[in-house]
Amino acid sequence: MQVRVLGCSGAIARGARTTSFLVDGDLLVDAGTGVGDLTLEEMAQIDDVVLTHSHLDHIAALPLMVDAVASLRRRPLRVHGLRATLQVLRAHVFNNLVWPDFTALPTTDAPLVHFVEFDIGQSLMLGRRVPKVVEVLPAVHTVPACGFAVRRADGHSHWVYSGDTERNKPFWRRVNQLDVGALVIETAFSTRERQLAERSLHLSPPTLAEELAQMSPIARYPVYVTHTKPAAAAEIMAEVNALVGQLRLWDRMELRWLEAGQILEVPAVALDRG
C-alpha cells in the first residue's frame, strides 16, 4: 500500500502544506492545502475522502477540489466523516454562501458530493480500484475527531494515523492489537508551548513521549511525526529526539520526520514484531 504525503504541516508557509494523504491514488485522508499539488487527473481519480475532523487545516482544499474536477467526474465524490464533522461542512462550507452546495448540484439525484457518516470503531470498505479497509480510531481534540487505521483488503499491515489528538489511551489499546506497518502521529507545539498544546488538545514533545511509551513492547514499526508548526519545527524535532532518547524508546521504534512529497510504502504483511 502506498501513502503519498501531500501535506503534513500544522500551518502554511512556503513549502509547508496542511494535512492530506493520498492512499493508492483513490483514497484521500484529510483534505488540507496539500491537495493543491495534485493534477486534475489525480484529483479526478479519488473516489473517497475520509476526514478526521472539521478544522480548516484538514478540510480547506475539499470544496476547491470538488469544483476543480466537477466536469471530469461521472459519480459523486464520497466524503466520509463523523456526524459532527459533516454537519459543519453542511452548515458552514457547502451552504451556498461560502461555497455552492455540491450535495445538491447539479441535481439532488446526481450530486457532485455524497456525505457518508461513520462512527468511532466502525470499519469501512473503500476504494473501487484498490479496495481498502479503513477503521475509525478514537481521538481527543477540541471538536469531535478521529484517527484511522488503513490496510488493503488483501493485506494485513496497517498504516495508522492519529489525527489531531492529545493523550489518548483508547487509541493505543486498539493500535497495540493491530499489525502496524507505519504510524503517523501529531506533535503540533514545542515544549515551551506545552500549556497551549494542552488547551488546544494537541501533543507537545513531553506528551508525545508519554504516548510513544504506550506502544506494545513487541511493536517494531517506524513512527512518523507530523503536524509541526513551521516556525517551531526544528525546535520540536530536537526536543522529541532528546526525550525519546532519555526514555530509551529507540530500541522499540524508528522515529522519522514526515515531509510533503514523501511516499510511504506500507508492507503487505506486518513488519517483524519479534
# chains A, B, ... in the order shown; residues from 1 in each chain; ligands from 1
>>> residues_around(residues="A:Val29", least_positions_apart="2", cutoff="12 Å", atoms="only C-alpha atoms", output="MDAnalysis selection string")
chainID A and resid 3:8 18:27 31:32 34:35 46:53 58:59 61:62 79:81 126 134 136 146:150 159:163
>>> write_last_selection(atoms="N, CA and C atoms", output="compact mmCIF listing (two decimals), in the first residue's frame")
# COMPACT_ATOMS: atom_id res chain seq x y z
N VAL A 3 1.26 5.33 0.50
CA VAL A 3 0.69 6.54 1.09
C VAL A 3 1.55 7.73 0.64
N ARG A 4 0.96 8.62 -0.10
CA ARG A 4 1.65 9.80 -0.60
C ARG A 4 1.34 10.97 0.32
N VAL A 5 2.37 11.58 0.86
CA VAL A 5 2.20 12.70 1.79
C VAL A 5 2.06 13.98 0.98
N LEU A 6 0.84 14.50 0.91
CA LEU A 6 0.60 15.75 0.18
C LEU A 6 0.88 16.96 1.07
N GLY A 7 0.51 16.85 2.32
CA GLY A 7 0.76 17.93 3.28
C GLY A 7 0.81 17.36 4.67
N CYS A 8 1.67 17.92 5.52
CA CYS A 8 1.83 17.39 6.88
C CYS A 8 2.22 18.49 7.86
N THR A 18 -0.82 21.97 4.58
CA THR A 18 -1.52 21.33 5.69
C THR A 18 -2.00 19.93 5.30
N THR A 19 -2.49 19.22 6.30
CA THR A 19 -2.60 17.76 6.29
C THR A 19 -3.46 17.20 5.17
N SER A 20 -2.87 16.29 4.42
CA SER A 20 -3.59 15.48 3.43
C SER A 20 -2.68 14.36 2.97
N PHE A 21 -3.28 13.17 2.84
CA PHE A 21 -2.56 11.97 2.42
C PHE A 21 -3.36 11.28 1.32
N LEU A 22 -2.69 10.82 0.28
CA LEU A 22 -3.33 10.09 -0.81
C LEU A 22 -2.90 8.64 -0.74
N VAL A 23 -3.86 7.74 -0.55
CA VAL A 23 -3.57 6.32 -0.39
C VAL A 23 -3.96 5.58 -1.66
N ASP A 24 -2.98 4.95 -2.29
CA ASP A 24 -3.19 4.15 -3.50
C ASP A 24 -3.89 4.92 -4.62
N GLY A 25 -3.81 6.22 -4.58
CA GLY A 25 -4.33 7.03 -5.68
C GLY A 25 -5.83 7.27 -5.67
N ASP A 26 -6.59 6.55 -4.81
CA ASP A 26 -8.05 6.70 -4.87
C ASP A 26 -8.70 7.06 -3.54
N LEU A 27 -7.92 7.10 -2.46
CA LEU A 27 -8.45 7.44 -1.14
C LEU A 27 -7.70 8.64 -0.58
N ALA A 31 -8.13 16.71 3.85
CA ALA A 31 -8.11 17.49 2.61
C ALA A 31 -7.57 18.89 2.87
N GLY A 32 -6.38 18.94 3.46
CA GLY A 32 -5.71 20.21 3.68
C GLY A 32 -5.13 20.77 2.40
N GLY A 34 -2.37 20.62 0.99
CA GLY A 34 -1.51 19.76 0.18
C GLY A 34 -2.20 19.19 -1.03
N VAL A 35 -3.54 19.13 -1.01
CA VAL A 35 -4.29 18.60 -2.16
C VAL A 35 -4.00 19.42 -3.41
N ILE A 46 -9.82 10.21 -7.35
CA ILE A 46 -10.17 9.99 -5.95
C ILE A 46 -11.65 9.63 -5.84
N ASP A 47 -11.94 8.48 -5.25
CA ASP A 47 -13.31 8.03 -5.06
C ASP A 47 -13.87 8.43 -3.70
N ASP A 48 -12.99 8.40 -2.67
CA ASP A 48 -13.43 8.59 -1.30
C ASP A 48 -12.51 9.55 -0.57
N VAL A 49 -13.09 10.38 0.29
CA VAL A 49 -12.35 11.24 1.21
C VAL A 49 -12.80 10.89 2.62
N VAL A 50 -11.85 10.62 3.52
CA VAL A 50 -12.18 10.42 4.93
C VAL A 50 -11.57 11.56 5.71
N LEU A 51 -12.37 12.16 6.58
CA LEU A 51 -11.95 13.35 7.33
C LEU A 51 -11.83 13.02 8.81
N THR A 52 -10.74 13.48 9.42
CA THR A 52 -10.57 13.26 10.85
C THR A 52 -11.43 14.21 11.67
N HIS A 53 -11.60 15.46 11.21
CA HIS A 53 -12.40 16.43 11.94
C HIS A 53 -12.60 17.66 11.06
N HIS A 58 -7.62 20.81 7.82
CA HIS A 58 -7.88 19.45 7.36
C HIS A 58 -8.99 19.37 6.31
N ILE A 59 -9.65 20.49 6.03
CA ILE A 59 -10.75 20.47 5.05
C ILE A 59 -10.62 21.56 3.99
N ALA A 61 -9.04 22.35 1.30
CA ALA A 61 -8.99 22.14 -0.15
C ALA A 61 -10.18 21.33 -0.68
N LEU A 62 -11.00 20.79 0.21
CA LEU A 62 -12.09 19.93 -0.25
C LEU A 62 -13.05 20.66 -1.19
N VAL A 79 -17.68 11.61 0.66
CA VAL A 79 -16.96 12.27 1.75
C VAL A 79 -17.46 11.67 3.05
N HIS A 80 -16.55 11.00 3.78
CA HIS A 80 -16.90 10.26 4.98
C HIS A 80 -16.40 11.02 6.20
N GLY A 81 -17.24 11.09 7.24
CA GLY A 81 -16.83 11.76 8.46
C GLY A 81 -17.78 11.47 9.60
N LEU A 126 -13.47 0.80 1.40
CA LEU A 126 -13.41 1.91 0.47
C LEU A 126 -12.42 1.63 -0.65
N VAL A 134 -10.78 0.69 6.19
CA VAL A 134 -10.45 1.86 7.00
C VAL A 134 -11.18 1.75 8.34
N VAL A 136 -12.01 3.36 11.97
CA VAL A 136 -12.09 4.69 12.59
C VAL A 136 -11.64 4.57 14.05
N CYS A 146 -11.25 11.99 15.05
CA CYS A 146 -10.88 10.58 14.99
C CYS A 146 -9.52 10.43 14.32
N GLY A 147 -9.00 9.23 14.35
CA GLY A 147 -7.84 8.83 13.56
C GLY A 147 -8.26 7.66 12.69
N PHE A 148 -7.30 7.08 11.98
CA PHE A 148 -7.63 5.97 11.08
C PHE A 148 -6.53 4.90 11.10
N ALA A 149 -6.95 3.66 10.89
CA ALA A 149 -6.05 2.56 10.57
C ALA A 149 -6.47 2.03 9.22
N VAL A 150 -5.57 2.08 8.24
CA VAL A 150 -5.91 1.74 6.86
C VAL A 150 -5.05 0.56 6.40
N TRP A 159 -1.49 1.14 7.97
CA TRP A 159 -0.97 2.50 8.12
C TRP A 159 -1.89 3.19 9.11
N VAL A 160 -1.34 3.63 10.23
CA VAL A 160 -2.13 4.23 11.30
C VAL A 160 -1.83 5.72 11.39
N TYR A 161 -2.89 6.51 11.48
CA TYR A 161 -2.78 7.97 11.54
C TYR A 161 -3.58 8.44 12.76
N SER A 162 -2.92 9.16 13.65
CA SER A 162 -3.55 9.56 14.91
C SER A 162 -4.61 10.63 14.75
N GLY A 163 -4.54 11.42 13.64
CA GLY A 163 -5.34 12.64 13.58
C GLY A 163 -4.84 13.64 14.61
>>> select_by_dssp(residues="stretch 116-243 of chain A", states="strand (DSSP E)", output="PyMOL selection string")
chain A and resi 116-117+123-126+132-138+146-152+158-161+180-186+222-226
>>> select_by_dssp(residues="stretch 47-265 of chain A", states="alpha helix (DSSP H)", output="number ranges by chain")
A: 56-59, 62-68, 83-92, 169-175, 194-199, 205-212, 233-246
>>> closest_residue(among="A:Glu42, A:Asp109, A:Asp67, A:Glu166", to="A:Glu211", atoms="only C-alpha atoms")
A:Glu166
>>> closest_residue(among="A:Ala242, A:Gly10, A:Gly127, A:Ser71", to="A:Leu203", atoms="only C-alpha atoms")
A:Gly10
>>> residues_around(residues="A:Leu72", least_positions_apart="4", cutoff="10 Å", atoms="only C-alpha atoms", output="list in words")
Leu40, Glu41, Met43, Ala44, Gln45, Val66 and Ala68 of chain A
>>> closest_residue(among="A:Gly36, A:Pro206, A:Pro267, A:Gly261", to="A:Ser157", atoms="only C-alpha atoms")
A:Pro267
>>> closest_residue(among="A:Arg199, A:Arg152, A:Arg83, A:Arg192", to="A:Val116", atoms="only C-alpha atoms")
A:Arg83
>>> residues_around(residues="A:Glu254", least_positions_apart="5", cutoff="12 Å", atoms="only C-alpha atoms", output="PDB file with N, CA and C atoms, in the first residue's frame")
ATOM      1  N   GLY A 181       2.230  -1.352  10.101  1.00  0.00           N
ATOM      2  CA  GLY A 181       3.394  -1.196   9.247  1.00  0.00           C
ATOM      3  C   GLY A 181       4.039   0.161   9.370  1.00  0.00           C
ATOM      4  N   ALA A 182       3.249   1.185   9.763  1.00  0.00           N
ATOM      5  CA  ALA A 182       3.759   2.544   9.951  1.00  0.00           C
ATOM      6  C   ALA A 182       2.735   3.337  10.740  1.00  0.00           C
ATOM      7  N   LEU A 183       3.220   4.245  11.577  1.00  0.00           N
ATOM      8  CA  LEU A 183       2.366   5.110  12.385  1.00  0.00           C
ATOM      9  C   LEU A 183       2.736   6.562  12.117  1.00  0.00           C
ATOM     10  N   VAL A 184       1.726   7.386  11.887  1.00  0.00           N
ATOM     11  CA  VAL A 184       1.893   8.832  11.761  1.00  0.00           C
ATOM     12  C   VAL A 184       1.181   9.469  12.940  1.00  0.00           C
ATOM     13  N   LEU A 212       4.192   7.545  23.122  1.00  0.00           N
ATOM     14  CA  LEU A 212       5.003   6.500  22.496  1.00  0.00           C
ATOM     15  C   LEU A 212       5.414   5.427  23.498  1.00  0.00           C
ATOM     16  N   ALA A 219       6.201  -4.249  19.600  1.00  0.00           N
ATOM     17  CA  ALA A 219       5.971  -3.498  18.365  1.00  0.00           C
ATOM     18  C   ALA A 219       7.293  -3.116  17.711  1.00  0.00           C
ATOM     19  N   ARG A 220       7.359  -3.239  16.400  1.00  0.00           N
ATOM     20  CA  ARG A 220       8.525  -2.836  15.617  1.00  0.00           C
ATOM     21  C   ARG A 220       8.033  -2.203  14.315  1.00  0.00           C
ATOM     22  N   TYR A 221       7.879  -0.885  14.322  1.00  0.00           N
ATOM     23  CA  TYR A 221       7.454  -0.205  13.105  1.00  0.00           C
ATOM     24  C   TYR A 221       7.914   1.248  13.162  1.00  0.00           C
ATOM     25  N   PRO A 222       8.087   1.893  12.007  1.00  0.00           N
ATOM     26  CA  PRO A 222       8.517   3.297  12.005  1.00  0.00           C
ATOM     27  C   PRO A 222       7.404   4.218  12.473  1.00  0.00           C
ATOM     28  N   VAL A 223       7.790   5.269  13.190  1.00  0.00           N
ATOM     29  CA  VAL A 223       6.865   6.275  13.693  1.00  0.00           C
ATOM     30  C   VAL A 223       7.234   7.610  13.042  1.00  0.00           C
ATOM     31  N   TYR A 224       6.267   8.229  12.378  1.00  0.00           N
ATOM     32  CA  TYR A 224       6.488   9.489  11.684  1.00  0.00           C
ATOM     33  C   TYR A 224       5.790  10.617  12.444  1.00  0.00           C
ATOM     34  N   VAL A 225       6.513  11.685  12.709  1.00  0.00           N
ATOM     35  CA  VAL A 225       5.965  12.844  13.415  1.00  0.00           C
ATOM     36  C   VAL A 225       5.431  13.841  12.391  1.00  0.00           C
ATOM     37  N   ASN A 241      13.608  14.251  19.749  1.00  0.00           N
ATOM     38  CA  ASN A 241      14.765  13.351  19.706  1.00  0.00           C
ATOM     39  C   ASN A 241      15.382  13.187  21.096  1.00  0.00           C
ATOM     40  N   VAL A 244      12.870  11.131  23.476  1.00  0.00           N
ATOM     41  CA  VAL A 244      12.793   9.721  23.104  1.00  0.00           C
ATOM     42  C   VAL A 244      14.072   8.999  23.509  1.00  0.00           C
ATOM     43  N   GLY A 245      15.202   9.693  23.352  1.00  0.00           N
ATOM     44  CA  GLY A 245      16.457   9.102  23.791  1.00  0.00           C
ATOM     45  C   GLY A 245      16.508   8.888  25.295  1.00  0.00           C
ATOM     46  N   ARG A 248      14.680   5.937  26.336  1.00  0.00           N
ATOM     47  CA  ARG A 248      15.224   4.697  25.759  1.00  0.00           C
ATOM     48  C   ARG A 248      14.192   3.965  24.901  1.00  0.00           C
ATOM     49  N   LEU A 249      13.481   4.768  24.093  1.00  0.00           N
ATOM     50  CA  LEU A 249      12.492   4.176  23.200  1.00  0.00           C
ATOM     51  C   LEU A 249      13.089   3.770  21.859  1.00  0.00           C
TER      52      LEU A 249
END
>>> residues_around(residues="A:Met215", least_positions_apart="6", cutoff="9 Å", atoms="only C-alpha atoms", output="list in words")
Trp172, Arg173, Val175, Asn176 and Arg252 of chain A
>>> closest_residue(among="A:Gln177, A:Met65, A:Phe171, A:Met1", to="A:Pro217", atoms="only C-alpha atoms")
A:Gln177
>>> atom_distance(atom1="atom CA of A:Ala110", atom2="atom CA of A:Leu64")
19.0 Å
>>> closest_residue(among="A:Ala213, A:Ile236, A:Ala70, A:Ala139", to="A:Thr187", atoms="only C-alpha atoms")
A:Ile236
>>> atom_distance(atom1="atom CA of A:Arg256", atom2="atom CA of A:Val143")
27.8 Å
>>> atom_distance(atom1="atom CA of A:Ser123", atom2="atom CA of A:Thr142")
23.6 Å
>>> decode(residues="stretch 16-27 of chain A", atoms="N, CA, C and O atoms", output="PDB file, in the first residue's frame")
ATOM      1  N   ALA A  16       5.297  24.599   3.046  1.00  0.00           N
ATOM      2  CA  ALA A  16       4.530  23.959   4.120  1.00  0.00           C
ATOM      3  C   ALA A  16       3.062  23.891   3.713  1.00  0.00           C
ATOM      4  O   ALA A  16       2.433  24.923   3.461  1.00  0.00           O
ATOM      5  N   ARG A  17       2.539  22.681   3.669  1.00  0.00           N
ATOM      6  CA  ARG A  17       1.147  22.458   3.271  1.00  0.00           C
ATOM      7  C   ARG A  17       0.443  21.676   4.366  1.00  0.00           C
ATOM      8  O   ARG A  17       1.044  20.799   4.981  1.00  0.00           O
ATOM      9  N   THR A  18      -0.822  21.970   4.580  1.00  0.00           N
ATOM     10  CA  THR A  18      -1.517  21.325   5.687  1.00  0.00           C
ATOM     11  C   THR A  18      -2.002  19.927   5.303  1.00  0.00           C
ATOM     12  O   THR A  18      -1.984  19.526   4.144  1.00  0.00           O
ATOM     13  N   THR A  19      -2.486  19.217   6.303  1.00  0.00           N
ATOM     14  CA  THR A  19      -2.601  17.763   6.289  1.00  0.00           C
ATOM     15  C   THR A  19      -3.460  17.195   5.167  1.00  0.00           C
ATOM     16  O   THR A  19      -4.637  17.542   5.029  1.00  0.00           O
ATOM     17  N   SER A  20      -2.871  16.289   4.420  1.00  0.00           N
ATOM     18  CA  SER A  20      -3.588  15.482   3.427  1.00  0.00           C
ATOM     19  C   SER A  20      -2.679  14.357   2.965  1.00  0.00           C
ATOM     20  O   SER A  20      -1.484  14.555   2.747  1.00  0.00           O
ATOM     21  N   PHE A  21      -3.279  13.167   2.839  1.00  0.00           N
ATOM     22  CA  PHE A  21      -2.561  11.969   2.416  1.00  0.00           C
ATOM     23  C   PHE A  21      -3.364  11.281   1.317  1.00  0.00           C
ATOM     24  O   PHE A  21      -4.585  11.149   1.432  1.00  0.00           O
ATOM     25  N   LEU A  22      -2.687  10.824   0.277  1.00  0.00           N
ATOM     26  CA  LEU A  22      -3.334  10.093  -0.809  1.00  0.00           C
ATOM     27  C   LEU A  22      -2.896   8.639  -0.736  1.00  0.00           C
ATOM     28  O   LEU A  22      -1.711   8.330  -0.833  1.00  0.00           O
ATOM     29  N   VAL A  23      -3.858   7.741  -0.554  1.00  0.00           N
ATOM     30  CA  VAL A  23      -3.571   6.317  -0.386  1.00  0.00           C
ATOM     31  C   VAL A  23      -3.958   5.575  -1.659  1.00  0.00           C
ATOM     32  O   VAL A  23      -5.126   5.587  -2.071  1.00  0.00           O
ATOM     33  N   ASP A  24      -2.976   4.955  -2.292  1.00  0.00           N
ATOM     34  CA  ASP A  24      -3.186   4.147  -3.503  1.00  0.00           C
ATOM     35  C   ASP A  24      -3.892   4.916  -4.619  1.00  0.00           C
ATOM     36  O   ASP A  24      -4.526   4.317  -5.486  1.00  0.00           O
ATOM     37  N   GLY A  25      -3.812   6.223  -4.580  1.00  0.00           N
ATOM     38  CA  GLY A  25      -4.335   7.033  -5.678  1.00  0.00           C
ATOM     39  C   GLY A  25      -5.826   7.268  -5.670  1.00  0.00           C
ATOM     40  O   GLY A  25      -6.313   8.117  -6.429  1.00  0.00           O
ATOM     41  N   ASP A  26      -6.589   6.547  -4.810  1.00  0.00           N
ATOM     42  CA  ASP A  26      -8.050   6.696  -4.875  1.00  0.00           C
ATOM     43  C   ASP A  26      -8.697   7.056  -3.542  1.00  0.00           C
ATOM     44  O   ASP A  26      -9.903   7.294  -3.490  1.00  0.00           O
ATOM     45  N   LEU A  27      -7.919   7.099  -2.457  1.00  0.00           N
ATOM     46  CA  LEU A  27      -8.454   7.441  -1.142  1.00  0.00           C
ATOM     47  C   LEU A  27      -7.696   8.642  -0.585  1.00  0.00           C
ATOM     48  O   LEU A  27      -6.469   8.586  -0.432  1.00  0.00           O
TER      49      LEU A  27
END
